[in-house]
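Source file model-v4.txt; content: compact mmCIF, C-alpha atoms and all ligand atoms.
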```txt
# COMPACT_ATOMS: atom_id res chain seq x y z
CA MET A 1 63.90 -36.45 45.53
CA ASP A 2 62.26 -33.18 46.45
CA PRO A 3 64.45 -31.55 49.15
CA LEU A 4 61.37 -29.95 50.69
CA ARG A 5 59.70 -33.34 51.08
CA PRO A 6 62.19 -35.71 52.64
CA GLU A 7 61.23 -39.34 52.70
CA GLU A 8 59.53 -40.47 55.84
CA PRO A 9 61.64 -42.61 58.15
CA GLY A 10 60.94 -46.28 57.82
CA CYS A 11 59.51 -45.98 54.35
CA GLY A 12 62.38 -47.70 52.59
CA SER A 13 62.21 -51.31 51.47
CA GLY A 14 58.88 -53.04 51.82
CA CYS A 15 56.94 -49.86 51.32
CA GLY A 16 56.33 -49.65 47.63
CA PRO A 17 55.28 -46.48 45.91
CA ASP A 18 51.91 -48.03 45.10
CA ALA A 19 51.11 -48.70 48.75
CA PRO A 20 48.31 -46.42 49.94
CA ALA A 21 49.44 -43.84 52.47
CA ASP A 22 47.03 -45.13 55.08
CA ALA A 23 48.56 -48.62 54.88
CA ARG A 24 51.10 -47.32 57.40
CA GLY A 25 48.35 -46.11 59.66
CA HIS A 26 48.48 -42.51 58.49
CA ALA A 27 45.76 -40.76 56.56
CA PRO A 28 47.10 -38.98 53.50
CA PRO A 29 47.64 -35.28 54.16
CA VAL A 30 44.83 -33.00 53.05
CA PRO A 31 46.12 -30.51 50.46
CA GLN A 32 46.44 -26.93 51.67
CA PHE A 33 45.67 -23.90 49.57
CA LEU A 34 46.06 -20.16 49.93
CA ILE A 35 43.12 -18.29 48.45
CA HIS A 36 43.62 -14.66 47.47
CA HIS A 37 40.63 -12.51 46.68
CA ARG A 38 40.78 -8.87 45.60
CA HIS A 39 37.90 -6.47 45.08
CA ALA A 40 37.38 -2.78 44.46
CA ALA A 41 36.65 -0.51 47.41
CA ASN A 42 33.07 0.02 46.26
CA ASP A 43 32.55 -3.79 46.14
CA CYS A 44 33.57 -4.31 49.78
CA GLY A 45 30.02 -4.43 51.10
CA ALA A 46 28.89 -6.82 48.36
CA VAL A 47 31.77 -9.20 49.09
CA PHE A 48 30.95 -9.51 52.78
CA ALA A 49 27.20 -9.57 52.12
CA SER A 50 27.66 -12.47 49.70
CA PHE A 51 28.50 -14.74 52.65
CA HIS A 52 25.05 -14.25 54.12
CA GLY A 53 22.98 -17.30 53.33
CA PHE A 54 26.02 -19.16 52.00
CA ASP A 55 26.89 -22.33 53.90
CA SER A 56 30.68 -22.44 54.36
CA PRO A 57 33.03 -23.47 57.17
CA LEU A 58 34.77 -20.13 56.57
CA ARG A 59 31.78 -18.20 57.88
CA ARG A 60 32.15 -16.66 61.32
CA THR A 61 35.91 -17.27 61.27
CA SER A 62 38.72 -14.75 61.14
CA THR A 63 41.16 -14.37 58.30
CA LEU A 64 43.59 -11.77 57.00
CA SER A 65 42.30 -8.83 55.03
CA SER A 66 43.55 -5.43 53.95
CA CYS A 67 40.05 -3.92 53.72
CA GLN A 68 40.61 -1.76 56.78
CA CYS A 69 44.22 -0.98 55.85
CA GLY A 70 43.80 0.73 52.51
CA GLY A 71 43.68 -2.33 50.23
CA HIS A 72 40.85 -4.69 49.45
CA ASP A 73 42.42 -8.12 49.56
CA ILE A 74 41.37 -11.14 51.61
CA TRP A 75 43.42 -14.29 52.13
CA TRP A 76 42.25 -17.64 53.41
CA SER A 77 44.42 -20.64 54.25
CA VAL A 78 42.24 -23.69 53.69
CA GLU A 79 42.39 -27.44 53.40
CA ALA A 80 40.56 -28.92 50.42
CA ASP A 81 40.79 -31.85 48.03
CA ASP A 82 41.60 -29.64 45.05
CA VAL A 83 41.38 -26.10 43.66
CA ALA A 84 37.70 -26.44 42.81
CA ALA A 85 36.88 -27.60 46.33
CA ALA A 86 38.86 -24.69 47.77
CA LEU A 87 36.93 -22.21 45.64
CA GLY A 88 33.72 -23.97 46.63
CA LEU A 89 34.25 -22.68 50.15
CA LEU A 90 33.51 -19.18 48.87
CA PRO A 91 30.33 -17.62 47.52
CA PHE A 92 30.41 -17.40 43.72
CA TYR A 93 30.81 -13.62 43.80
CA VAL A 94 34.00 -13.97 45.86
CA ALA A 95 35.32 -17.12 44.18
CA ALA A 96 35.01 -15.55 40.73
CA ARG A 97 37.47 -12.87 41.86
CA ALA A 98 39.94 -15.19 43.62
CA THR A 99 43.10 -17.10 42.83
CA VAL A 100 44.09 -20.33 44.53
CA THR A 101 47.65 -21.50 45.17
CA ARG A 102 48.60 -24.94 46.50
CA VAL A 103 50.87 -24.45 49.51
CA ASP A 104 52.57 -26.54 52.15
CA ALA A 105 54.37 -25.88 55.38
CA VAL A 106 58.12 -25.49 55.21
CA ARG A 107 60.62 -25.02 57.98
CA ILE A 108 62.66 -21.84 57.62
CA PRO A 109 66.27 -22.47 58.60
ZN ZN B 201 37.24 -4.59 50.99
```

How would this structure read if it were set down as structure tokens?
Amino acid sequence: MDPLRPEEPGCGSGCGPDAPADARGHAPPVPQFLIHHRHAANDCGAVFASFHGFDSPLRRTSTLSSCQCGGHDIWWSVEADDVAAALGLLPFYVAARATVTRVDAVRIP
């Protein structure tokens, strides 16, 4: 058993591993990803301009960036079906210079 993913209460006998998650009335969790994009200082304008005309739920939202702090990194925390879908939230110019990491919430003791 993964210690970071304890079994859900009430999911013992009678709840086989092949049972779909929504059989208990819960939708399966949507995977979360952390996208990290880095660009050179002279590419900063092109990165932000690439969002113009690109249809994405990330447009007109806030996220963390180091562009005004001396670095040129941008991070997005997104929900997506898989890595390709996560990258699909970004214009090609940005996605081609990004890495995607599957993440999940964890409680810090
Ligand atoms: Zn920048």

- Item | Shell of 10 Å around ligand ZN 201 (chain B) (all atoms listed in the file), written as a list of chain:residue names |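 Every residue with an atom at most 10 Å from ligand ZN 201 (chain B) is listed here: A:His37, A:Arg38, A:His39, A:Ala40, A:Ala41, A:Asn42, A:Asp43, A:Cys44, A:Gly45, A:Ala46, A:Val47, A:Phe48, A:Ser65, A:Ser66, A:Cys67, A:Gln68, A:Cys69, A:Gly70, A:Gly71, A:His72, A:Asp73, A:Ile74.
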
- Nearest to Ser62 in chain A by atom-to-atom distance, counting all atoms listed in the file, from A:Ser50, A:Trp75, A:Leu89, A:Thr99: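 Of A:Ser50, A:Trp75, A:Leu89, A:Thr99, the one nearest Ser62 in chain A is A:Trp75, counting all atoms listed in the file.
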
- Query: So how far away is CA of Pro29 in chain A from CA of Arg97 in chain A, in Å?
  - Reply: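 Separation of CA of Arg97 in chain A and CA of Pro29 in chain A: 27.5 Å.
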
Box for range 34-38 of chain A: with edges along x, y and z, all listed atoms inside and 4 Å added on each side, what are the centre and edge lengths in Å to one decimal, as JSON?
```
{"center_x": 43.3, "center_y": -14.5, "center_z": 47.8, "size_x": 13.4, "size_y": 19.3, "size_z": 12.3}
```

- Item | Atom pair CA of Asp55 in chain A / CA of Gln32 in chain A: separation (Å) | 20.2 Å

- Message: Please determine, counting only C-alpha atoms, which residue among A:Ala27, A:Ala85, A:Leu58, A:Leu34 has the shortest atom-to-atom distance to Arg102 in chain A.
- Response: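 Looking at the shortest contact to Arg102 in chain A, the residue is A:Leu34.
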